[in-house]
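Shown next: model-v6.txt, given as compact mmCIF, C-alpha atoms and all ligand atoms.
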```txt
# COMPACT_ATOMS: atom_id res chain seq x y z
CA MET T 207 -0.06 16.88 -7.72
CA THR T 208 -3.22 17.09 -9.80
CA GLY T 209 -6.89 17.03 -9.09
CA MET T 210 -7.00 18.93 -5.83
CA THR T 211 -9.64 21.43 -6.90
CA PRO T 212 -13.28 20.38 -7.13
CA ASP T 213 -13.69 21.62 -10.71
CA ALA T 214 -10.64 19.72 -11.91
CA ALA T 215 -12.50 16.40 -11.89
CA GLY T 216 -12.52 14.56 -15.18
CA PRO T 217 -11.80 11.14 -16.57
CA THR T 218 -8.08 11.69 -17.03
CA VAL T 219 -7.38 13.59 -13.83
CA ILE T 220 -5.68 11.67 -11.06
CA ASN T 221 -7.81 12.88 -8.20
CA ARG T 222 -7.82 11.14 -4.87
CA TYR T 223 -9.20 13.99 -2.84
CA GLU T 224 -12.58 14.64 -4.40
CA SER T 225 -15.11 11.86 -4.38
CA PRO T 226 -18.84 11.96 -5.03
CA ALA T 227 -20.76 12.33 -1.78
CA ALA T 228 -22.41 8.94 -2.26
CA TRP T 229 -19.03 7.17 -2.42
CA ARG T 230 -17.89 8.95 0.72
CA ASP T 231 -21.16 8.22 2.51
CA VAL T 232 -20.92 4.50 1.78
CA ASP T 233 -17.31 4.37 3.00
CA ALA T 234 -18.32 6.27 6.13
CA TYR T 235 -21.27 3.93 6.74
CA PHE T 236 -19.32 0.69 6.44
CA SER T 237 -16.18 1.99 8.12
CA ALA T 238 -18.16 3.24 11.12
CA LEU T 239 -20.05 -0.04 11.31
CA LEU T 240 -17.37 -2.61 10.58
CA VAL T 241 -13.97 -0.98 10.97
CA PRO T 242 -13.60 0.46 14.45
CA GLU T 243 -10.38 2.45 14.74
CA ASP T 244 -8.72 2.94 18.09
CA ASP T 245 -6.98 6.19 18.98
CA ALA T 246 -3.68 4.95 17.57
CA LEU T 247 -5.14 4.24 14.13
CA VAL T 248 -6.96 7.58 14.09
CA ALA T 249 -3.75 9.38 15.06
CA ALA T 250 -1.77 7.52 12.39
CA ARG T 251 -4.32 8.29 9.71
CA GLU T 252 -4.52 11.95 10.67
CA SER T 253 -0.75 12.33 10.85
CA GLY T 254 -0.62 11.31 7.21
CA ALA T 255 -1.26 14.99 6.56
CA ALA T 256 2.20 15.76 7.96
CA THR T 257 4.03 13.43 5.56
CA THR T 258 5.57 14.33 2.23
CA MET T 259 2.55 12.68 0.53
CA PRO T 260 -0.43 14.03 2.47
CA ASN T 261 -3.45 11.75 2.69
CA ALA T 262 -2.09 9.03 0.41
CA GLU T 263 -2.62 6.38 3.11
CA VAL T 264 -5.23 3.70 2.49
CA ALA T 265 -8.81 4.29 3.67
CA PRO T 266 -9.91 2.58 6.90
CA ASN T 267 -11.91 -0.07 5.07
CA GLN T 268 -8.91 -0.72 2.81
CA GLY T 269 -6.65 -1.02 5.84
CA ALA T 270 -9.05 -3.58 7.23
CA LEU T 271 -8.90 -5.46 3.92
CA LEU T 272 -5.11 -5.61 4.20
CA GLY T 273 -5.41 -6.93 7.75
CA LEU T 274 -7.95 -9.52 6.67
CA LEU T 275 -5.80 -10.66 3.72
CA THR T 276 -2.91 -11.05 6.14
CA HIS T 277 -5.03 -13.18 8.47
CA LEU T 278 -6.69 -15.14 5.67
CA SER T 279 -3.36 -16.04 4.09
CA GLY T 280 -1.83 -16.92 7.45
CA ALA T 281 1.01 -14.51 6.77
CA ARG T 282 3.60 -14.09 9.50
CA ARG T 283 6.11 -11.94 7.64
CA VAL T 284 4.97 -8.87 5.72
CA LEU T 285 7.06 -6.60 3.50
CA GLU T 286 5.68 -3.15 2.69
CA PHE T 287 7.01 -0.79 0.04
CA GLY T 288 6.01 2.73 1.12
CA THR T 289 5.41 3.48 4.80
CA LEU T 290 4.43 7.16 4.98
CA ALA T 291 2.84 7.59 8.43
CA GLY T 292 2.51 3.85 9.00
CA TYR T 293 -1.27 3.56 8.83
CA SER T 294 -1.36 0.40 6.72
CA THR T 295 1.74 -0.78 8.59
CA ILE T 296 -0.30 -0.85 11.81
CA TRP T 297 -2.98 -2.96 10.14
CA PHE T 298 -0.33 -5.45 8.99
CA ALA T 299 1.48 -5.45 12.33
CA ARG T 300 -1.68 -6.10 14.29
CA ALA T 301 -2.64 -8.88 11.89
CA VAL T 302 0.67 -10.73 12.22
CA GLY T 303 0.89 -10.11 15.97
CA PRO T 304 4.00 -10.03 18.15
CA GLN T 305 5.20 -13.41 16.82
CA GLY T 306 5.24 -11.96 13.31
CA ARG T 307 7.36 -9.37 11.57
CA VAL T 308 6.70 -6.39 9.32
CA VAL T 309 9.50 -4.78 7.34
CA THR T 310 8.40 -1.47 5.87
CA LEU T 311 10.49 0.58 3.43
CA GLU T 312 10.28 4.37 3.43
CA LEU T 313 12.22 6.87 1.33
CA GLU T 314 12.00 9.84 3.67
CA GLU T 315 13.43 9.97 7.20
CA HIS T 316 10.81 12.63 7.99
CA ASN T 317 8.00 10.19 7.23
CA ALA T 318 9.78 7.32 8.99
CA GLN T 319 9.95 9.32 12.21
CA ILE T 320 6.22 10.00 12.05
CA ALA T 321 5.63 6.31 11.39
CA ARG T 322 7.78 5.14 14.31
CA THR T 323 5.81 7.38 16.68
CA ASN T 324 2.55 5.97 15.31
CA LEU T 325 3.78 2.39 15.56
CA ARG T 326 4.86 2.93 19.15
CA ARG T 327 1.46 4.41 20.02
CA ALA T 328 -0.22 1.43 18.37
CA GLY T 329 1.83 -0.98 20.49
CA VAL T 330 3.42 -2.74 17.51
CA ARG T 331 6.80 -1.01 17.31
CA GLU T 332 8.74 -4.04 18.58
CA TRP T 333 7.97 -6.24 15.60
CA VAL T 334 8.07 -3.61 12.87
CA ASP T 335 11.32 -2.71 11.14
CA VAL T 336 11.20 0.69 9.40
CA GLN T 337 14.01 0.92 6.85
CA VAL T 338 14.80 4.34 5.40
CA GLY T 339 16.11 5.00 1.91
CA PRO T 340 15.13 4.25 -1.68
CA ALA T 341 12.96 1.14 -1.41
CA ALA T 342 14.74 -0.61 -4.27
CA GLU T 343 18.03 -0.28 -2.39
CA SER T 344 16.51 -1.42 0.89
CA ALA T 345 14.94 -4.41 -0.84
CA GLN T 346 18.26 -5.27 -2.49
CA ARG T 347 19.88 -5.22 0.93
CA LEU T 348 17.26 -7.69 2.19
CA ILE T 349 18.02 -9.92 -0.80
CA ASP T 350 21.79 -9.66 -0.25
CA ASP T 351 21.36 -10.41 3.45
CA GLY T 352 19.37 -13.55 2.64
CA ALA T 353 16.27 -12.35 4.47
CA GLU T 354 13.79 -15.02 5.46
CA PRO T 355 11.04 -15.11 2.79
CA PHE T 356 8.00 -12.87 3.22
CA ASP T 357 4.46 -14.24 3.11
CA LEU T 358 2.76 -11.05 1.97
CA VAL T 359 4.14 -8.04 0.11
CA PHE T 360 2.30 -4.72 -0.21
CA ILE T 361 3.60 -2.48 -2.99
CA ASP T 362 2.47 1.09 -2.30
CA ALA T 363 5.39 3.41 -2.98
CA ASP T 364 6.43 5.43 -6.04
CA LYS T 365 4.47 3.98 -8.92
CA PRO T 366 7.10 4.18 -11.70
CA SER T 367 9.14 1.67 -9.66
CA ASN T 368 6.32 -0.89 -9.45
CA PRO T 369 8.05 -3.31 -11.86
CA ALA T 370 11.29 -3.12 -9.86
CA TYR T 371 9.40 -3.67 -6.62
CA LEU T 372 7.61 -6.70 -8.05
CA ALA T 373 10.92 -8.14 -9.19
CA ALA T 374 12.33 -7.65 -5.70
CA ALA T 375 9.19 -9.13 -4.16
CA LEU T 376 9.66 -12.24 -6.28
CA ARG T 377 13.18 -12.64 -4.93
CA LEU T 378 11.93 -12.23 -1.37
CA THR T 379 9.00 -14.66 -1.46
CA THR T 380 8.28 -18.29 -2.17
CA SER T 381 5.27 -20.40 -3.14
CA GLY T 382 1.97 -19.24 -1.67
CA ALA T 383 3.03 -15.65 -1.09
CA VAL T 384 0.48 -12.90 -1.60
CA ILE T 385 1.42 -9.69 -3.42
CA VAL T 386 -0.88 -6.66 -3.28
CA ILE T 387 -0.31 -3.54 -5.37
CA ASP T 388 -2.11 -0.28 -4.52
CA ASN T 389 -3.36 2.48 -6.80
CA VAL T 390 -3.62 0.55 -10.04
CA VAL T 391 -6.66 2.32 -11.51
CA ARG T 392 -5.91 6.02 -11.07
CA ASP T 393 -9.30 7.40 -12.12
CA GLY T 394 -9.29 5.01 -15.04
CA ALA T 395 -6.03 6.36 -16.45
CA VAL T 396 -4.62 2.82 -16.39
CA THR T 397 -6.37 1.99 -19.66
CA ASP T 398 -4.60 4.81 -21.52
CA ARG T 399 -1.85 2.89 -23.28
CA ASP T 400 -0.36 6.12 -24.62
CA SER T 401 -0.29 7.91 -21.29
CA ASP T 402 2.89 9.88 -20.73
CA GLU T 403 2.19 9.82 -16.98
CA PRO T 404 5.06 7.78 -15.45
CA ARG T 405 2.84 6.51 -12.64
CA VAL T 406 0.35 5.12 -15.15
CA GLN T 407 3.16 3.51 -17.12
CA GLY T 408 4.48 2.00 -13.88
CA VAL T 409 1.12 0.38 -13.24
CA ARG T 410 0.72 -0.86 -16.81
CA ALA T 411 4.24 -2.28 -16.81
CA VAL T 412 3.76 -4.19 -13.58
CA ALA T 413 0.39 -5.51 -14.74
CA GLN T 414 2.10 -6.75 -17.90
CA ASP T 415 4.83 -8.42 -15.83
CA ILE T 416 2.21 -10.20 -13.75
CA ALA T 417 0.27 -11.23 -16.84
CA THR T 418 3.31 -12.87 -18.39
CA ASN T 419 4.56 -14.54 -15.21
CA PRO T 420 3.23 -18.11 -15.10
CA GLU T 421 4.00 -18.26 -11.38
CA LEU T 422 1.45 -15.58 -10.54
CA ASP T 423 -2.31 -15.89 -10.29
CA ALA T 424 -3.85 -12.45 -10.05
CA THR T 425 -6.86 -10.24 -10.29
CA ALA T 426 -7.51 -6.52 -10.17
CA LEU T 427 -10.38 -4.78 -8.42
CA GLN T 428 -11.62 -1.24 -8.88
CA THR T 429 -12.53 0.64 -5.74
CA VAL T 430 -14.49 3.84 -5.19
CA GLY T 431 -14.75 5.70 -1.92
CA ILE T 432 -13.09 8.44 0.05
CA LYS T 433 -9.91 7.90 -1.97
CA GLY T 434 -11.69 8.46 -5.27
CA TRP T 435 -11.66 5.88 -8.05
CA ASP T 436 -8.72 3.54 -7.77
CA GLY T 437 -8.00 -0.12 -7.20
CA VAL T 438 -5.70 -2.95 -6.24
CA ILE T 439 -4.03 -5.90 -7.88
CA ILE T 440 -3.97 -9.00 -5.71
CA ALA T 441 -1.64 -11.76 -6.79
CA ARG T 442 -0.60 -15.13 -5.41
CA ARG T 443 2.57 -16.97 -6.12
CA ARG T 444 1.95 -20.57 -7.17
C1 LIG B 501 -0.36 8.14 -4.82
C2 LIG B 501 0.25 7.14 -4.11
C3 LIG B 501 -0.47 6.35 -3.27
O1 LIG B 501 0.08 5.33 -2.60
C4 LIG B 501 -1.85 6.54 -3.10
O2 LIG B 501 -2.52 5.69 -2.30
C5 LIG B 501 -2.46 7.55 -3.79
C6 LIG B 501 -1.71 8.34 -4.66
C7 LIG B 501 0.43 8.98 -5.76
O3 LIG B 501 1.60 8.66 -6.02
O4 LIG B 501 -0.08 9.95 -6.26
MG MG B 502 -1.38 3.87 -2.08
```
Rewritten as structure tokens:
Amino acid sequence: MTGMTPDAAGPTVINRYESPAAWRDVDAYFSALLVPEDDALVAARESGAATTMPNAEVAPNQGALLGLLTHLSGARRVLEFGTLAGYSTIWFARAVGPQGRVVTLELEEHNAQIARTNLRRAGVREWVDVQVGPAAESAQRLIDDGAEPFDLVFIDADKPSNPAYLAAALRLTTSGAVIVIDNVVRDGAVTDRDSDEPRVQGVRAVAQDIATNPELDATALQTVGIKGWDGVIIARRR
């Protein structure tokens, strides 16, 4: 993992831990004002430190965005690639409510156990299905089982697999579905066409796939804040 020391900051360093104070202050201001977290969300966010990918969970104001997108799109069924401690999972689960369903795919049993505890504490465990194993395999199982289509898909797992996850998402959704992809800016590294960083190539490849898919309307937004300089792609299936 790069960029964990303050003096390592630079345009090509993937650095989600060090943000300018002003970015952090603005996140803190709006999150405190607009994004109240209950104890369960705080515990889930803090337990991210105990996962195999410490502190990779979305920021509180980003979690709220995911919840709002879920509400705004009227989504009832959400599929998430990459659970970790289940912080974003809680936002989705609360947005769809007990009549909805969230299926979240996590590689590591260790992380899944942390997530299940957090989901239980948040009161959403009953309508969240945590599936452990390589997400591509779990998604293929959903396809093979003829899973009911999902209304919103959040792709936030290992970045080199982004194109495979998008392909799976397209087999698990129908018209009107929303697809959100996290971490598509990476301190600006996304514009480096010659990058030998597999995560950057995974983002560029999935962006290319979206660009050439006439069924997908999409945009990408840069974000700055406590997670550094990053961004999301938001797409909608026609
Ligand atoms: C990474 C993954 C994430 O989902 C994230 O939000 C930040 C970083 C990573 O793979 O480095
Ligand atoms: Mg992420």
Next item on the list: List all protein, DNA and RNA residues that have an atom no more than 7 Å from any atom of ligand LIG 501 (chain B), counting all atoms listed in the file, and report them as a ChimeraX atom specification.
Entry: /T:222,262-264,362-365,388-389
Check: So, counting all atoms listed in the file, which residue among T:Leu285, T:Ala265, T:Ala301, T:Ala395 is closest to T:Ala234?
Finding: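 Closest to T:Ala234 of all the choices is T:Ala265.
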Close residues, T:Arg300 itself excluded, 9 Å, all atoms listed in the file, min 5 positions apart in chain, as a tab-separated table (two decimals) with C-alpha atoms, in the frame of the given file:
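Resulting contents of selection-v1.tsv:
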```
chain	number	residue	atom	x	y	z
T	273	GLY	CA	-5.41	-6.93	7.75
T	295	THR	CA	1.74	-0.78	8.59
T	328	ALA	CA	-0.22	1.43	18.37
T	329	GLY	CA	1.83	-0.98	20.49
T	330	VAL	CA	3.42	-2.74	17.51
```
Checklist line | Atomic distance atom CA of T:His277 - atom CA of T:Val336, expressed in Å with one decimal | finding: 21.4 Å
Next item on the list: Would you mind telling me which residue in T:Pro242, T:Pro366, T:Pro355, T:Gly288 lies nearest to ligand MG 502 (chain B) when using only C-alpha atoms and all ligand atoms?
Entry: T:Gly288
Distance table requested - chain T against ligand MG 502 (chain B), cut-off 12 Å, only C-alpha atoms and all ligand atoms: one row per qualifying residue with the closest atom pair and its distance in Å to one decimal, ordered by chain and rising residue number, as JSON lines.
```
{"residue": "T:Arg222", "atom": "CA", "partner": "B:MG502", "partner_atom": "MG", "distance": 10.1}
{"residue": "T:Gly254", "atom": "CA", "partner": "B:MG502", "partner_atom": "MG", "distance": 11.9}
{"residue": "T:Met259", "atom": "CA", "partner": "B:MG502", "partner_atom": "MG", "distance": 10.0}
{"residue": "T:Pro260", "atom": "CA", "partner": "B:MG502", "partner_atom": "MG", "distance": 11.2}
{"residue": "T:Asn261", "atom": "CA", "partner": "B:MG502", "partner_atom": "MG", "distance": 9.4}
{"residue": "T:Ala262", "atom": "CA", "partner": "B:MG502", "partner_atom": "MG", "distance": 5.8}
{"residue": "T:Glu263", "atom": "CA", "partner": "B:MG502", "partner_atom": "MG", "distance": 5.9}
{"residue": "T:Val264", "atom": "CA", "partner": "B:MG502", "partner_atom": "MG", "distance": 6.0}
{"residue": "T:Ala265", "atom": "CA", "partner": "B:MG502", "partner_atom": "MG", "distance": 9.4}
{"residue": "T:Gln268", "atom": "CA", "partner": "B:MG502", "partner_atom": "MG", "distance": 10.1}
{"residue": "T:Gly269", "atom": "CA", "partner": "B:MG502", "partner_atom": "MG", "distance": 10.7}
{"residue": "T:Leu272", "atom": "CA", "partner": "B:MG502", "partner_atom": "MG", "distance": 12.0}
{"residue": "T:Glu286", "atom": "CA", "partner": "B:MG502", "partner_atom": "MG", "distance": 11.0}
{"residue": "T:Phe287", "atom": "CA", "partner": "B:MG502", "partner_atom": "MG", "distance": 9.8}
{"residue": "T:Gly288", "atom": "CA", "partner": "B:MG502", "partner_atom": "MG", "distance": 8.1}
{"residue": "T:Thr289", "atom": "CA", "partner": "B:MG502", "partner_atom": "MG", "distance": 9.7}
{"residue": "T:Leu290", "atom": "CA", "partner": "B:MG502", "partner_atom": "MG", "distance": 9.7}
{"residue": "T:Ala291", "atom": "CA", "partner": "B:MG502", "partner_atom": "MG", "distance": 11.9}
{"residue": "T:Gly292", "atom": "CA", "partner": "B:MG502", "partner_atom": "MG", "distance": 11.7}
{"residue": "T:Tyr293", "atom": "CA", "partner": "B:MG502", "partner_atom": "MG", "distance": 10.9}
{"residue": "T:Ser294", "atom": "CA", "partner": "B:MG502", "partner_atom": "MG", "distance": 9.5}
{"residue": "T:Phe360", "atom": "CA", "partner": "B:MG502", "partner_atom": "MG", "distance": 9.5}
{"residue": "T:Ile361", "atom": "CA", "partner": "B:MG502", "partner_atom": "MG", "distance": 8.1}
{"residue": "T:Asp362", "atom": "CA", "partner": "B:MG502", "partner_atom": "MG", "distance": 4.8}
{"residue": "T:Ala363", "atom": "CA", "partner": "B:MG502", "partner_atom": "MG", "distance": 6.8}
{"residue": "T:Asp364", "atom": "CA", "partner": "B:MG502", "partner_atom": "MG", "distance": 8.9}
{"residue": "T:Lys365", "atom": "CA", "partner": "B:MG502", "partner_atom": "MG", "distance": 9.0}
{"residue": "T:Asn368", "atom": "CA", "partner": "B:MG502", "partner_atom": "MG", "distance": 11.7}
{"residue": "T:Val386", "atom": "CA", "partner": "B:MG502", "partner_atom": "MG", "distance": 10.6}
{"residue": "T:Ile387", "atom": "CA", "partner": "B:MG502", "partner_atom": "MG", "distance": 8.2}
{"residue": "T:Asp388", "atom": "CA", "partner": "B:MG502", "partner_atom": "MG", "distance": 4.9}
{"residue": "T:Asn389", "atom": "CA", "partner": "B:MG502", "partner_atom": "MG", "distance": 5.3}
{"residue": "T:Val390", "atom": "CA", "partner": "B:MG502", "partner_atom": "MG", "distance": 8.9}
{"residue": "T:Val391", "atom": "CA", "partner": "B:MG502", "partner_atom": "MG", "distance": 10.9}
{"residue": "T:Arg392", "atom": "CA", "partner": "B:MG502", "partner_atom": "MG", "distance": 10.3}
{"residue": "T:Arg405", "atom": "CA", "partner": "B:MG502", "partner_atom": "MG", "distance": 11.7}
{"residue": "T:Val409", "atom": "CA", "partner": "B:MG502", "partner_atom": "MG", "distance": 12.0}
{"residue": "T:Lys433", "atom": "CA", "partner": "B:MG502", "partner_atom": "MG", "distance": 9.4}
{"residue": "T:Gly434", "atom": "CA", "partner": "B:MG502", "partner_atom": "MG", "distance": 11.7}
{"residue": "T:Asp436", "atom": "CA", "partner": "B:MG502", "partner_atom": "MG", "distance": 9.3}
{"residue": "T:Gly437", "atom": "CA", "partner": "B:MG502", "partner_atom": "MG", "distance": 9.3}
{"residue": "T:Val438", "atom": "CA", "partner": "B:MG502", "partner_atom": "MG", "distance": 9.1}
{"residue": "T:Ile439", "atom": "CA", "partner": "B:MG502", "partner_atom": "MG", "distance": 11.7}
```
Any chance you can output those residues with C-alpha atoms as an mmCIF file, keeping the file's coordinate frame?
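Result went into selection-v4.cif, see below:
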```cif
data_model
loop_
_atom_site.group_PDB
_atom_site.id
_atom_site.type_symbol
_atom_site.label_atom_id
_atom_site.label_comp_id
_atom_site.auth_asym_id
_atom_site.auth_seq_id
_atom_site.Cartn_x
_atom_site.Cartn_y
_atom_site.Cartn_z
ATOM 1 C CA ARG T 222 -7.820 11.140 -4.870
ATOM 2 C CA GLY T 254 -0.620 11.310 7.210
ATOM 3 C CA MET T 259 2.550 12.680 0.530
ATOM 4 C CA PRO T 260 -0.430 14.030 2.470
ATOM 5 C CA ASN T 261 -3.450 11.750 2.690
ATOM 6 C CA ALA T 262 -2.090 9.030 0.410
ATOM 7 C CA GLU T 263 -2.620 6.380 3.110
ATOM 8 C CA VAL T 264 -5.230 3.700 2.490
ATOM 9 C CA ALA T 265 -8.810 4.290 3.670
ATOM 10 C CA GLN T 268 -8.910 -0.720 2.810
ATOM 11 C CA GLY T 269 -6.650 -1.020 5.840
ATOM 12 C CA LEU T 272 -5.110 -5.610 4.200
ATOM 13 C CA GLU T 286 5.680 -3.150 2.690
ATOM 14 C CA PHE T 287 7.010 -0.790 0.040
ATOM 15 C CA GLY T 288 6.010 2.730 1.120
ATOM 16 C CA THR T 289 5.410 3.480 4.800
ATOM 17 C CA LEU T 290 4.430 7.160 4.980
ATOM 18 C CA ALA T 291 2.840 7.590 8.430
ATOM 19 C CA GLY T 292 2.510 3.850 9.000
ATOM 20 C CA TYR T 293 -1.270 3.560 8.830
ATOM 21 C CA SER T 294 -1.360 0.400 6.720
ATOM 22 C CA PHE T 360 2.300 -4.720 -0.210
ATOM 23 C CA ILE T 361 3.600 -2.480 -2.990
ATOM 24 C CA ASP T 362 2.470 1.090 -2.300
ATOM 25 C CA ALA T 363 5.390 3.410 -2.980
ATOM 26 C CA ASP T 364 6.430 5.430 -6.040
ATOM 27 C CA LYS T 365 4.470 3.980 -8.920
ATOM 28 C CA ASN T 368 6.320 -0.890 -9.450
ATOM 29 C CA VAL T 386 -0.880 -6.660 -3.280
ATOM 30 C CA ILE T 387 -0.310 -3.540 -5.370
ATOM 31 C CA ASP T 388 -2.110 -0.280 -4.520
ATOM 32 C CA ASN T 389 -3.360 2.480 -6.800
ATOM 33 C CA VAL T 390 -3.620 0.550 -10.040
ATOM 34 C CA VAL T 391 -6.660 2.320 -11.510
ATOM 35 C CA ARG T 392 -5.910 6.020 -11.070
ATOM 36 C CA ARG T 405 2.840 6.510 -12.640
ATOM 37 C CA VAL T 409 1.120 0.380 -13.240
ATOM 38 C CA LYS T 433 -9.910 7.900 -1.970
ATOM 39 C CA GLY T 434 -11.690 8.460 -5.270
ATOM 40 C CA ASP T 436 -8.720 3.540 -7.770
ATOM 41 C CA GLY T 437 -8.000 -0.120 -7.200
ATOM 42 C CA VAL T 438 -5.700 -2.950 -6.240
ATOM 43 C CA ILE T 439 -4.030 -5.900 -7.880
#
```
Note to self: Can you measure atom CA of T:Leu348 to atom CA of T:Leu376 for me? One decimal in Å is fine.
What the structure shows: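 Here the two named atoms are 12.3 Å from each other.
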Check: Just how far from atom CA of T:Phe356 is atom CA of T:Arg444, in Å to one decimal?
Finding: 14.3 Å
